[in-house]
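Asks: Enclosed is the structure file query_23.tsv (TSV, C-alpha atoms and all ligand atoms).
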chain	number	residue	atom	x	y	z
Z	1	MET	CA	-57.56	-60.21	-82.08
Z	2	GLY	CA	-58.94	-63.62	-82.74
Z	3	ILE	CA	-56.48	-64.86	-85.33
Z	4	ASN	CA	-56.50	-68.65	-85.67
Z	5	LEU	CA	-52.78	-69.38	-85.35
Z	6	GLU	CA	-52.99	-73.05	-86.25
Z	7	ARG	CA	-54.98	-72.29	-89.38
Z	8	LEU	CA	-52.39	-69.63	-90.25
Z	9	ALA	CA	-49.65	-72.24	-89.76
Z	10	SER	CA	-51.28	-74.75	-92.05
Z	11	VAL	CA	-51.93	-72.22	-94.84
Z	12	PHE	CA	-48.34	-70.99	-94.51
Z	13	THR	CA	-47.01	-74.55	-94.78
Z	14	ALA	CA	-49.19	-75.32	-97.78
Z	15	LEU	CA	-48.03	-72.15	-99.55
Z	16	CYS	CA	-44.34	-72.80	-98.87
Z	17	GLU	CA	-44.67	-76.33	-100.24
Z	18	ILE	CA	-45.98	-75.07	-103.58
Z	19	ASP	CA	-42.68	-74.35	-105.33
Z	20	SER	CA	-42.65	-70.90	-106.92
Z	21	PRO	CA	-39.23	-69.76	-108.07
Z	22	SER	CA	-39.38	-66.51	-110.06
Z	23	LYS	CA	-41.24	-66.92	-113.37
Z	24	GLN	CA	-42.95	-70.07	-112.09
Z	25	GLU	CA	-45.55	-68.52	-109.80
Z	26	GLY	CA	-48.48	-70.05	-111.69
Z	27	ARG	CA	-49.31	-72.79	-109.18
Z	28	VAL	CA	-49.31	-70.39	-106.25
Z	29	ALA	CA	-51.48	-67.99	-108.27
Z	30	ALA	CA	-53.96	-70.80	-108.98
Z	31	TYR	CA	-54.07	-71.71	-105.28
Z	32	LEU	CA	-54.70	-68.07	-104.31
Z	33	LYS	CA	-57.42	-67.67	-106.93
Z	34	SER	CA	-59.36	-70.60	-105.57
Z	35	VAL	CA	-58.91	-69.50	-101.94
Z	36	PHE	CA	-60.04	-65.93	-102.56
Z	37	VAL	CA	-62.91	-66.75	-104.92
Z	38	GLU	CA	-64.25	-69.06	-102.25
Z	39	MET	CA	-64.07	-66.12	-99.82
Z	40	GLY	CA	-66.30	-64.07	-102.11
Z	41	ALA	CA	-63.58	-61.84	-103.57
Z	42	GLU	CA	-63.28	-60.62	-107.12
Z	43	VAL	CA	-59.97	-61.92	-108.53
Z	44	SER	CA	-58.27	-60.79	-111.72
Z	45	GLU	CA	-54.90	-61.32	-113.36
Z	46	ASP	CA	-53.10	-58.80	-115.57
Z	47	ASP	CA	-51.24	-59.64	-118.77
Z	48	SER	CA	-47.78	-58.82	-117.37
Z	49	ALA	CA	-46.65	-62.39	-118.14
Z	50	LYS	CA	-45.94	-61.23	-121.70
Z	51	GLN	CA	-43.31	-58.84	-120.34
Z	52	THR	CA	-41.96	-60.86	-117.44
Z	53	GLY	CA	-41.84	-64.30	-119.03
Z	54	SER	CA	-43.58	-65.75	-115.97
Z	55	ASP	CA	-46.19	-68.50	-116.28
Z	56	CYS	CA	-48.81	-66.13	-114.81
Z	57	GLY	CA	-49.55	-62.44	-114.32
Z	58	ASN	CA	-49.90	-60.28	-111.21
Z	59	LEU	CA	-53.05	-61.06	-109.21
Z	60	PHE	CA	-55.56	-58.49	-107.95
Z	61	VAL	CA	-58.01	-59.47	-105.25
Z	62	ARG	CA	-60.83	-57.14	-104.29
Z	63	PHE	CA	-63.14	-57.73	-101.36
Z	64	PRO	CA	-66.58	-56.14	-101.16
Z	65	ASP	CA	-66.58	-53.17	-98.72
Z	66	GLU	CA	-67.74	-54.44	-95.39
Z	67	GLY	CA	-69.27	-51.59	-93.53
Z	68	LEU	CA	-66.40	-49.33	-92.53
Z	69	ASP	CA	-66.09	-45.95	-94.24
Z	70	ARG	CA	-62.31	-45.69	-94.51
Z	71	GLU	CA	-59.81	-44.71	-97.18
Z	72	PRO	CA	-59.23	-47.73	-99.46
Z	73	VAL	CA	-55.99	-49.55	-98.74
Z	74	PHE	CA	-54.06	-52.31	-100.46
Z	75	PHE	CA	-51.68	-54.99	-99.25
Z	76	ASN	CA	-48.98	-56.45	-101.44
Z	77	CYS	CA	-46.82	-59.57	-101.37
Z	78	HIS	CA	-44.74	-61.24	-104.06
Z	79	MET	CA	-45.50	-64.81	-105.06
Z	80	ASP	CA	-41.99	-65.80	-106.14
Z	81	THR	CA	-39.08	-67.01	-104.04
Z	82	VAL	CA	-35.32	-67.06	-104.56
Z	83	LEU	CA	-33.47	-70.29	-105.35
Z	84	PRO	CA	-32.93	-73.04	-104.29
Z	85	ALA	CA	-36.69	-73.45	-104.26
Z	86	ILE	CA	-37.57	-76.78	-105.83
Z	87	GLY	CA	-39.09	-79.46	-103.60
Z	88	VAL	CA	-39.57	-77.25	-100.52
Z	89	LYS	CA	-40.56	-79.21	-97.42
Z	90	VAL	CA	-41.43	-77.29	-94.28
Z	91	LYS	CA	-40.11	-78.38	-90.90
Z	92	ARG	CA	-41.86	-77.16	-87.77
Z	93	GLU	CA	-40.47	-77.38	-84.27
Z	94	GLY	CA	-42.80	-75.82	-81.75
Z	95	GLU	CA	-43.52	-72.48	-83.30
Z	96	VAL	CA	-40.39	-72.23	-85.44
Z	97	PHE	CA	-40.51	-73.00	-89.16
Z	98	THR	CA	-37.48	-73.83	-91.32
Z	99	SER	CA	-37.01	-75.75	-94.52
Z	100	ALA	CA	-36.49	-79.45	-94.01
Z	101	GLY	CA	-33.96	-79.76	-96.79
Z	102	ASP	CA	-31.57	-77.88	-98.97
Z	103	THR	CA	-34.02	-75.22	-100.12
Z	104	VAL	CA	-35.11	-71.85	-98.87
Z	105	LEU	CA	-38.26	-71.88	-96.73
Z	106	GLY	CA	-40.04	-69.24	-98.77
Z	107	SER	CA	-41.37	-67.23	-95.81
Z	108	ASP	CA	-40.11	-64.43	-98.05
Z	109	ASP	CA	-42.81	-63.71	-99.04
Z	110	LYS	CA	-45.33	-66.46	-98.27
Z	111	ALA	CA	-45.55	-65.47	-94.60
Z	112	GLY	CA	-47.14	-62.23	-95.80
Z	113	ILE	CA	-49.52	-64.06	-98.11
Z	114	ALA	CA	-50.59	-66.49	-95.37
Z	115	VAL	CA	-51.18	-63.55	-93.01
Z	116	LEU	CA	-53.40	-61.82	-95.57
Z	117	ILE	CA	-55.49	-64.96	-96.05
Z	118	GLU	CA	-55.88	-65.52	-92.31
Z	119	VAL	CA	-56.82	-61.88	-91.62
Z	120	MET	CA	-59.65	-61.96	-94.13
Z	121	ARG	CA	-60.88	-65.35	-92.91
Z	122	THR	CA	-61.02	-64.00	-89.36
Z	123	LEU	CA	-62.80	-60.81	-90.36
Z	124	GLN	CA	-65.41	-62.75	-92.30
Z	125	GLU	CA	-65.87	-65.47	-89.73
Z	126	LYS	CA	-66.38	-63.04	-86.86
Z	127	ASN	CA	-68.37	-60.51	-88.91
Z	128	ILE	CA	-65.94	-57.72	-88.02
Z	129	PRO	CA	-66.58	-54.59	-90.15
Z	130	TYR	CA	-63.61	-53.47	-92.26
Z	131	GLY	CA	-62.79	-50.80	-94.80
Z	132	PRO	CA	-62.28	-51.14	-98.58
Z	133	VAL	CA	-59.27	-53.37	-99.31
Z	134	GLU	CA	-57.38	-54.88	-102.22
Z	135	TYR	CA	-54.66	-57.50	-102.20
Z	136	ILE	CA	-52.01	-57.35	-104.93
Z	137	PHE	CA	-49.77	-60.37	-105.53
Z	138	THR	CA	-46.85	-59.81	-107.85
Z	139	THR	CA	-44.57	-62.10	-109.82
Z	140	CYS	CA	-40.79	-61.88	-110.33
Z	141	GLU	CA	-39.99	-59.54	-107.41
Z	142	GLU	CA	-36.74	-61.35	-106.75
Z	143	VAL	CA	-35.50	-60.89	-110.31
Z	144	GLY	CA	-35.52	-57.11	-110.67
Z	145	LEU	CA	-39.09	-56.33	-109.54
Z	146	MET	CA	-40.23	-57.33	-113.01
Z	147	GLY	CA	-43.82	-58.08	-112.05
Z	148	ALA	CA	-44.36	-54.74	-110.30
Z	149	LYS	CA	-42.69	-52.90	-113.17
Z	150	ALA	CA	-45.14	-54.47	-115.63
Z	151	LEU	CA	-48.15	-54.05	-113.35
Z	152	ASP	CA	-51.46	-52.76	-114.72
Z	153	LEU	CA	-51.84	-49.64	-112.56
Z	154	SER	CA	-55.43	-49.07	-113.61
Z	155	ALA	CA	-56.33	-52.23	-111.72
Z	156	ILE	CA	-55.45	-50.61	-108.38
Z	157	LYS	CA	-58.06	-48.39	-106.74
Z	158	ALA	CA	-56.35	-47.66	-103.39
Z	159	LYS	CA	-53.86	-44.80	-103.19
Z	160	ILE	CA	-52.10	-46.10	-100.08
Z	161	GLY	CA	-50.92	-49.55	-99.16
Z	162	TYR	CA	-48.49	-51.84	-97.42
Z	163	ALA	CA	-46.11	-54.50	-98.69
Z	164	LEU	CA	-45.69	-57.33	-96.19
Z	165	ASP	CA	-42.10	-58.06	-97.08
Z	166	SER	CA	-39.42	-57.34	-94.52
Z	167	SER	CA	-37.52	-59.29	-91.90
Z	168	GLY	CA	-37.77	-58.39	-88.22
Z	169	ILE	CA	-40.93	-57.69	-86.32
Z	170	ASN	CA	-42.87	-54.49	-85.68
Z	171	ARG	CA	-40.76	-52.71	-88.27
Z	172	VAL	CA	-42.05	-50.31	-90.89
Z	173	ILE	CA	-39.75	-49.49	-93.79
Z	174	VAL	CA	-40.23	-45.86	-94.78
Z	175	GLY	CA	-37.34	-45.42	-97.19
Z	176	ALA	CA	-35.21	-47.39	-99.62
Z	177	PRO	CA	-32.45	-46.39	-102.05
Z	178	ALA	CA	-32.64	-46.02	-105.78
Z	179	ALA	CA	-30.27	-48.26	-107.73
Z	180	ASN	CA	-28.54	-48.20	-111.09
Z	181	ARG	CA	-27.24	-51.38	-112.68
Z	182	ILE	CA	-24.13	-50.71	-114.74
Z	183	THR	CA	-22.34	-52.68	-117.43
Z	184	ALA	CA	-18.94	-51.60	-118.73
Z	185	GLU	CA	-18.09	-53.41	-121.94
Z	186	ILE	CA	-14.45	-52.91	-122.87
Z	187	LYS	CA	-13.18	-53.90	-126.30
Z	188	GLY	CA	-9.50	-54.43	-126.96
Z	189	ILE	CA	-7.77	-56.35	-129.73
Z	190	ALA	CA	-7.08	-60.09	-129.71
Z	191	SER	CA	-3.65	-61.35	-130.53
Z	192	HIS	CA	-1.52	-64.42	-129.81
Z	193	ALA	CA	-0.15	-63.94	-126.30
Z	194	GLY	CA	3.18	-65.66	-127.09
Z	195	LEU	CA	3.82	-64.84	-130.73
Z	196	SER	CA	2.54	-61.29	-131.11
Z	197	PRO	CA	1.54	-59.72	-127.81
Z	198	GLU	CA	2.62	-56.28	-129.16
Z	199	LYS	CA	-0.30	-56.33	-131.57
Z	200	GLY	CA	-2.94	-56.92	-128.91
Z	201	ILE	CA	-4.85	-54.76	-126.45
Z	202	SER	CA	-5.89	-56.60	-123.30
Z	203	ALA	CA	-9.46	-55.68	-122.41
Z	204	ILE	CA	-9.00	-57.44	-119.06
Z	205	HIS	CA	-5.94	-55.38	-118.19
Z	206	LEU	CA	-7.73	-52.13	-119.00
Z	207	ALA	CA	-10.74	-53.20	-116.93
Z	208	ALA	CA	-8.52	-54.19	-114.02
Z	209	LYS	CA	-6.77	-50.82	-114.02
Z	210	ALA	CA	-10.12	-49.02	-114.02
Z	211	ILE	CA	-11.61	-51.21	-111.27
Z	212	ALA	CA	-8.54	-50.68	-109.10
Z	213	ARG	CA	-9.25	-46.94	-109.19
Z	214	LEU	CA	-12.96	-47.19	-108.34
Z	215	LYS	CA	-14.28	-46.33	-104.93
Z	216	LEU	CA	-16.46	-49.28	-103.92
Z	217	GLY	CA	-18.39	-50.40	-100.86
Z	218	ARG	CA	-19.99	-47.71	-98.71
Z	219	LEU	CA	-19.39	-44.41	-100.44
Z	220	ASP	CA	-21.18	-42.23	-97.89
Z	221	PRO	CA	-23.85	-42.87	-95.26
Z	222	GLU	CA	-26.54	-43.19	-97.91
Z	223	SER	CA	-24.73	-44.56	-100.96
Z	224	THR	CA	-22.98	-47.80	-101.95
Z	225	ALA	CA	-21.26	-49.21	-105.04
Z	226	ASN	CA	-20.20	-52.69	-106.07
Z	227	ILE	CA	-18.62	-54.57	-108.95
Z	228	GLY	CA	-20.18	-58.00	-108.74
Z	229	LEU	CA	-19.46	-59.94	-111.90
Z	230	ILE	CA	-16.76	-59.98	-114.57
Z	231	THR	CA	-16.74	-62.08	-117.72
Z	232	GLY	CA	-14.20	-61.95	-120.50
Z	233	GLY	CA	-11.38	-63.58	-122.38
Z	234	THR	CA	-11.28	-66.89	-124.18
Z	235	ALA	CA	-7.95	-68.67	-123.45
Z	236	THR	CA	-4.69	-68.15	-121.59
Z	237	ASN	CA	-2.74	-67.82	-124.85
Z	238	ILE	CA	-4.95	-65.12	-126.34
Z	239	ILE	CA	-4.89	-61.45	-125.42
Z	240	PRO	CA	-8.51	-60.89	-124.38
Z	241	GLU	CA	-10.50	-58.89	-126.88
Z	242	SER	CA	-13.44	-58.09	-124.67
Z	243	VAL	CA	-14.59	-58.02	-121.08
Z	244	LEU	CA	-17.93	-57.29	-119.43
Z	245	VAL	CA	-17.89	-55.73	-115.99
Z	246	HIS	CA	-21.22	-55.70	-114.13
Z	247	GLY	CA	-21.89	-53.62	-111.06
Z	248	GLU	CA	-24.33	-51.36	-109.30
Z	249	VAL	CA	-24.63	-48.05	-107.48
Z	250	ARG	CA	-27.29	-47.31	-104.84
Z	251	SER	CA	-28.21	-44.13	-103.02
Z	252	HIS	CA	-31.06	-42.66	-101.03
Z	253	THR	CA	-30.40	-39.35	-102.82
Z	254	VAL	CA	-31.00	-39.31	-106.54
Z	255	SER	CA	-28.40	-36.63	-107.31
Z	256	LYS	CA	-25.74	-38.69	-105.54
Z	257	LEU	CA	-26.76	-41.81	-107.44
Z	258	GLU	CA	-26.24	-39.92	-110.67
Z	259	GLU	CA	-22.96	-38.42	-109.52
Z	260	TYR	CA	-21.44	-41.75	-108.42
Z	261	THR	CA	-22.65	-43.50	-111.56
Z	262	GLN	CA	-21.04	-40.79	-113.69
Z	263	LYS	CA	-17.79	-41.04	-111.70
Z	264	MET	CA	-17.67	-44.77	-112.34
Z	265	LYS	CA	-18.13	-44.18	-116.04
Z	266	ASP	CA	-15.45	-41.45	-116.06
Z	267	VAL	CA	-12.86	-43.79	-114.53
Z	268	PHE	CA	-13.43	-46.45	-117.20
Z	269	GLN	CA	-13.42	-43.83	-119.95
Z	270	ASP	CA	-10.21	-42.33	-118.58
Z	271	GLU	CA	-8.39	-45.68	-118.75
Z	272	ILE	CA	-9.54	-46.14	-122.34
Z	273	ASP	CA	-8.53	-42.60	-123.32
Z	274	ASN	CA	-5.12	-42.92	-121.66
Z	275	TRP	CA	-4.17	-46.06	-123.55
Z	276	THR	CA	-1.16	-45.39	-125.73
Z	277	ASP	CA	0.76	-47.21	-128.44
Z	278	PRO	CA	4.06	-45.30	-128.60
Z	279	GLU	CA	5.58	-47.55	-131.24
Z	280	ASN	CA	2.51	-47.55	-133.43
Z	281	ILE	CA	2.30	-51.32	-133.71
Z	282	VAL	CA	-1.34	-51.94	-132.82
Z	283	ASN	CA	-3.92	-51.80	-135.54
Z	284	GLY	CA	-6.69	-50.07	-133.65
Z	285	LYS	CA	-7.70	-48.60	-130.28
Z	286	PRO	CA	-9.65	-49.82	-127.26
Z	287	SER	CA	-13.25	-48.74	-126.77
Z	288	LEU	CA	-15.83	-48.56	-124.00
Z	289	ASP	CA	-19.57	-49.05	-124.02
Z	290	PHE	CA	-20.89	-48.04	-120.58
Z	291	ARG	CA	-24.55	-48.90	-120.05
Z	292	VAL	CA	-26.74	-47.79	-117.15
Z	293	VAL	CA	-30.16	-49.24	-116.36
Z	294	GLN	CA	-32.30	-47.88	-113.56
Z	295	GLU	CA	-32.99	-50.92	-111.40
Z	296	TYR	CA	-35.52	-49.17	-109.15
Z	297	PRO	CA	-36.33	-45.60	-108.11
Z	298	VAL	CA	-35.92	-44.15	-104.61
Z	299	MET	CA	-38.56	-44.60	-101.90
Z	300	GLN	CA	-39.09	-41.93	-99.23
Z	301	LEU	CA	-42.20	-41.72	-97.10
Z	302	ASP	CA	-42.98	-38.72	-94.95
Z	303	LYS	CA	-43.86	-39.29	-91.27
Z	304	GLU	CA	-46.99	-37.25	-91.86
Z	305	SER	CA	-48.09	-39.17	-94.96
Z	306	ALA	CA	-51.46	-40.94	-94.85
Z	307	VAL	CA	-49.85	-44.35	-95.16
Z	308	ILE	CA	-47.61	-43.87	-92.11
Z	309	LYS	CA	-50.31	-42.21	-90.02
Z	310	ARG	CA	-52.65	-45.12	-90.58
Z	311	VAL	CA	-50.21	-47.82	-89.49
Z	312	LYS	CA	-49.17	-45.72	-86.50
Z	313	GLU	CA	-52.79	-45.39	-85.45
Z	314	ALA	CA	-53.30	-49.15	-85.89
Z	315	ALA	CA	-50.27	-49.90	-83.71
Z	316	THR	CA	-51.62	-47.62	-80.98
Z	317	THR	CA	-54.80	-49.68	-80.74
Z	318	LEU	CA	-52.61	-52.78	-80.23
Z	319	ASP	CA	-50.22	-51.10	-77.80
Z	320	ALA	CA	-47.46	-52.10	-80.20
Z	321	GLU	CA	-44.24	-50.12	-80.53
Z	322	LEU	CA	-43.19	-49.80	-84.18
Z	323	ASP	CA	-39.70	-49.01	-85.45
Z	324	TYR	CA	-39.61	-46.82	-88.54
Z	325	VAL	CA	-36.48	-47.67	-90.50
Z	326	VAL	CA	-34.74	-47.09	-93.80
Z	327	ALA	CA	-33.76	-50.16	-95.85
Z	328	GLY	CA	-30.69	-50.77	-97.99
Z	329	GLY	CA	-32.42	-52.59	-100.83
Z	330	GLY	CA	-35.24	-52.07	-103.27
Z	331	SER	CA	-38.52	-53.96	-103.46
Z	332	ASP	CA	-41.91	-53.72	-105.11
Z	333	ALA	CA	-42.69	-50.82	-102.76
Z	334	ASN	CA	-40.13	-48.66	-104.62
Z	335	ILE	CA	-42.13	-49.20	-107.79
Z	336	PHE	CA	-45.51	-48.44	-106.19
Z	337	ASN	CA	-44.16	-45.23	-104.67
Z	338	SER	CA	-42.66	-44.12	-107.98
Z	339	LEU	CA	-46.10	-44.55	-109.56
Z	340	GLY	CA	-47.63	-42.12	-107.08
Z	341	ILE	CA	-49.07	-44.77	-104.74
Z	342	GLN	CA	-47.83	-44.49	-101.15
Z	343	CYS	CA	-46.56	-47.87	-100.04
Z	344	ALA	CA	-44.79	-48.66	-96.76
Z	345	ILE	CA	-43.24	-52.05	-96.02
Z	346	ILE	CA	-44.26	-54.00	-92.91
Z	347	SER	CA	-42.12	-56.74	-91.37
Z	348	THR	CA	-43.49	-60.27	-91.14
Z	349	GLY	CA	-40.99	-61.84	-88.72
Z	350	MET	CA	-39.07	-63.69	-91.42
Z	351	ASP	CA	-35.35	-64.07	-90.76
Z	352	LYS	CA	-32.16	-65.21	-92.59
Z	353	VAL	CA	-34.01	-64.84	-95.88
Z	354	HIS	CA	-32.34	-65.71	-99.18
Z	355	SER	CA	-30.59	-68.64	-97.51
Z	356	THR	CA	-31.38	-72.27	-96.67
Z	357	GLN	CA	-31.28	-71.16	-93.01
Z	358	GLU	CA	-34.41	-69.06	-93.52
Z	359	THR	CA	-36.75	-69.19	-90.54
Z	360	ILE	CA	-39.89	-67.64	-89.05
Z	361	LYS	CA	-41.90	-67.95	-85.84
Z	362	LEU	CA	-45.64	-68.49	-85.82
Z	363	SER	CA	-46.14	-65.91	-83.05
Z	364	ASP	CA	-44.46	-63.25	-85.21
Z	365	MET	CA	-46.78	-64.05	-88.11
Z	366	GLY	CA	-49.61	-63.70	-85.59
Z	367	LEU	CA	-48.41	-60.23	-84.53
Z	368	THR	CA	-48.21	-59.22	-88.18
Z	369	ALA	CA	-51.76	-60.44	-88.71
Z	370	ASP	CA	-52.93	-58.39	-85.71
Z	371	LEU	CA	-51.37	-55.26	-87.22
Z	372	VAL	CA	-52.92	-55.86	-90.65
Z	373	MET	CA	-56.27	-56.44	-89.02
Z	374	ALA	CA	-55.93	-53.23	-86.99
Z	375	ILE	CA	-55.12	-51.28	-90.18
Z	376	LEU	CA	-58.30	-52.62	-91.77
Z	377	THR	CA	-60.60	-52.15	-88.82
Y	1	ZN	ZN	-39.31	-60.50	-100.38
What does this structure look like when you write it as structure tokens?

Replies:
Amino acid sequence: MGINLERLASVFTALCEIDSPSKQEGRVAAYLKSVFVEMGAEVSEDDSAKQTGSDCGNLFVRFPDEGLDREPVFFNCHMDTVLPAIGVKVKREGEVFTSAGDTVLGSDDKAGIAVLIEVMRTLQEKNIPYGPVEYIFTTCEEVGLMGAKALDLSAIKAKIGYALDSSGINRVIVGAPAANRITAEIKGIASHAGLSPEKGISAIHLAAKAIARLKLGRLDPESTANIGLITGGTATNIIPESVLVHGEVRSHTVSKLEEYTQKMKDVFQDEIDNWTDPENIVNGKPSLDFRVVQEYPVMQLDKESAVIKRVKEAATTLDAELDYVVAGGGSDANIFNSLGIQCAIISTGMDKVHSTQETIKLSDMGLTADLVMAILT
């Protein structure tokens, strides 16, 4: 559809080589501002930085309507990358991009950003009419979707949109689980492990007994649970007074998410309640503080929804076959959907993301650009 692949490649490389670990997206935001202002767009930044701690806010880019009477649509990418992300150098062999060193490449999510820039350049250059469109670039996606969670909703006019943020090609993500982050804080009683162990209550032992009883991993076809981090204790000769157990539960069904989260809590509580001191030596009892934070809400898009119909129609004009799939993780799209804005996720071709092996092919970015262009035109 007239995409300039070499120009796309050079913008992609430039973007990747501007380091932007979460909370340090400012330089990428500045680059995008200058690019889009030069293209005649209206660019604004919200004040989410106060909440996220990033060095910039989320960016909103609005292009003047260019002739086509269509429902307004937005595209979203996140500006941050996971670590290691300092000193990124891009290596290109033929049409394959990787990082040259010990960092991620950052195609997650800069491939999407580069595609959005190239699509608009092509539309403008070739005077192709397109419908109303906004681009939304978020901060801190990789650290708990913080940018999207703090987003100024009133700045978005479109009611449907697409996040360019998935591996694979010709894939549309139509569903993603909700997730709860849990923290079980167990308090015992410290005591000298050699001199007076009878007077202590080991928080680590209680936690271990509870964890051993938990059902973890895949709980059912649509739910998972994990304990991922444990911190506690101070020295080998001290009965540990406290331990923090961090984990998560995910499910595509909200009632199951609640049920599994409650079960996890019940197991910890049960171990605390069943602690006994038959000889009455210990001066106190163990306690539990079980905290649950909703990490992100569930995402479920109907096949008949406007957002899915529009991408399907676009694919038809390209003779492209799209796979509609359900993802196992949350992203900014979960947040948009929970705010009443339909948002599907489109793949960009990126692969082995969140690793130094991350890679992407130029032709796949080109196919993604064709699909975005078809959605707009
Ligand atoms: Zn991403």

Asks: Let me make sure I understand: among Z:Gly168, Z:Gly2, Z:Gly94, Z:Gly329, which one has the smallest atom-to-atom distance to Glu125 (chain Z) if we use all atoms listed in the file?

Replies: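 Of Z:Gly168, Z:Gly2, Z:Gly94, Z:Gly329, the one nearest Glu125 (chain Z) is Z:Gly2, counting all atoms listed in the file.
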
Asks: Do a neighbour search on Ile3 (chain Z) at 7 Å with all atoms listed in the file, toss out local chain neighbours closer than 6 positions, and write the hits as a short mmCIF file (atom, residue, chain, number, x, y, z; two decimals) with C-alpha atoms, in the coordinates of the input.

Replies:
data_model
loop_
_atom_site.label_atom_id
_atom_site.label_comp_id
_atom_site.auth_asym_id
_atom_site.auth_seq_id
_atom_site.Cartn_x
_atom_site.Cartn_y
_atom_site.Cartn_z
CA VAL Z 119 -56.82 -61.88 -91.62
CA THR Z 122 -61.02 -64.00 -89.36
CA GLY Z 366 -49.61 -63.70 -85.59
#

Asks: How would you write, as a list in words, the set of residues no farther than 10 Å from ligand ZN 1 (chain Y) when counting all atoms listed in the file?

Replies: Cys77, His78, Met79, Asp80, Thr81, Val82, Gly106, Ser107, Asp108, Asp109, Lys110, Ala111, Gly112, Glu141, Glu142, Ala163, Leu164, Asp165, Ser166, Ser167, Gly330, Ser331, Asp332, Met350, Val353 and His354 of chain Z

Asks: Which neighbours of Ile169 (chain Z) fall inside 8 Å, counting all atoms listed in the file, when residues of the same chain fewer than 4 positions from it are skipped, and could you give them as an MDAnalysis selection string?

Replies: chainID Z and resid 347:349 364 368

Asks: What would the file look like if the residues just selected were written as a CSV table (one decimal), in the coordinates of the input with C-alpha atoms?

Replies:
chain,number,residue,atom,x,y,z
Z,347,SER,CA,-42.1,-56.7,-91.4
Z,348,THR,CA,-43.5,-60.3,-91.1
Z,349,GLY,CA,-41.0,-61.8,-88.7
Z,364,ASP,CA,-44.5,-63.2,-85.2
Z,368,THR,CA,-48.2,-59.2,-88.2

Asks: Extending 4 Å beyond the listed atoms of region 255-260 of chain Z on each side, what axis-aligned box results? I want centre and edge lengths in Å to one decimal, as JSON.

Replies:
{"center_x": -24.9, "center_y": -39.2, "center_z": -108.1, "size_x": 15.0, "size_y": 13.2, "size_z": 13.1}

Asks: What is the CA of Glu304 (chain Z) to CA of Thr317 (chain Z) distance in Å?

Replies: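 If I compute the distance from CA of Glu304 (chain Z) to CA of Thr317 (chain Z), I get 18.4 Å.
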
Asks: Within 12 Å of Asp289 (chain Z), counting only C-alpha atoms, which residues qualify if same-chain residues fewer than 4 places away don't, as a list of chain:residue names?

Replies: Z:Ile182, Z:Thr183, Z:Ala184, Z:Glu185, Z:Ile186, Z:Lys187, Z:Gly188, Z:Ser242, Z:Val243, Z:Leu244, Z:Val245, Z:Lys265, Z:Asp266, Z:Phe268, Z:Gln269, Z:Ile272

Asks: To one decimal place, how far is CA of Glu258 (chain Z) from CA of Ala178 (chain Z) in Å?

Replies: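 Rounded to one decimal, the two atoms are 10.1 Å apart.
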
Asks: Tell me, in Å to one decimal, how far CA of Asn226 (chain Z) is from CA of Leu214 (chain Z).

Replies: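 Separating CA of Asn226 (chain Z) from CA of Leu214 (chain Z) is a distance of 9.4 Å.
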
Asks: Which of these, Z:Asp69, Z:Glu93, Z:Asp102, Z:Asp55, has the shortest distance to Gln357 (chain Z) once you count all atoms listed in the file?

Replies: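 Once distances to Gln357 (chain Z) are computed over all atoms listed in the file, the minimum belongs to Z:Asp102.
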
Asks: Give as a ChimeraX atom specification every residue, naming chains and numbers as the document does, that has an atom within 9 Å of (-66.0, -65.1, -97.3), counting only C-alpha atoms.

Replies: /Z:36-41,63,120-121,123-125

Asks: So, counting all atoms listed in the file, which residue among Z:Pro84, Z:Gly53, Z:Gly328, Z:Pro286 is closest to Ser99 (chain Z)?

Replies: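 Looking at the shortest contact to Ser99 (chain Z), the residue is Z:Pro84.
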
Asks: List the spatial neighbours of Asn170 (chain Z) as a list in words - criterion: any atom at most 7 Å away, all atoms listed in the file, same-chain residues fewer than 3 positions off excluded.

Replies: Glu321, Leu322, Asp323 and Ser347 of chain Z

Asks: Quick one: write out the picked residues with C-alpha atoms as a PDB file, keeping the file's coordinate frame?

Replies:
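Full text of again.pdb as output:
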ATOM      1  CA  GLU Z 321     -44.240 -50.120 -80.530  1.00  0.00           C
ATOM      2  CA  LEU Z 322     -43.190 -49.800 -84.180  1.00  0.00           C
ATOM      3  CA  ASP Z 323     -39.700 -49.010 -85.450  1.00  0.00           C
ATOM      4  CA  SER Z 347     -42.120 -56.740 -91.370  1.00  0.00           C
TER       5      SER Z 347
END

Asks: Rank nothing, just name the residue among Z:Leu206, Z:Ile117, Z:Val311, Z:Leu216 nearest to Ser287 (chain Z), using only C-alpha atoms.

Replies: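 Between Z:Leu206, Z:Ile117, Z:Val311, Z:Leu216, the residue approaching Ser287 (chain Z) most closely is Z:Leu206.
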
Asks: Would you please work out which residue, of Z:Ile375, Z:Val28, Z:Ile308, Z:Ile136, is nearest to Ala344 (chain Z) when using only C-alpha atoms?

Replies: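 Using only C-alpha atoms, Ala344 (chain Z) sits closest to Z:Ile308.
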
Asks: Would you mind listing what lies within 7 Å of region 194-200 of chain Z as number ranges by chain, with all atoms listed in the file counted and same-chain residues fewer than 2 positions away left out?

Replies: Z: 189-192, 202, 237, 239, 281-282

Asks: Please determine, counting all atoms listed in the file, which residue among Z:Val73, Z:Ala176, Z:Met264, Z:Ala212 has the shortest atom-to-atom distance to Lys159 (chain Z).

Replies: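 Nearest candidate to Lys159 (chain Z) out of Z:Val73, Z:Ala176, Z:Met264, Z:Ala212: Z:Val73.
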
Asks: Could you give me, as a list in words, the residues that have an atom at most 9 Å away from the point (-58.3, -52.3, -103.9) in the coordinates of the file, using all atoms listed in the file?

Replies: Phe60, Val61, Arg62, Phe63, Pro72, Val73, Phe74, Phe75, Pro132, Val133, Glu134, Tyr135, Ile136, Ala155, Ile156, Lys157, Ala158 and Lys159 of chain Z
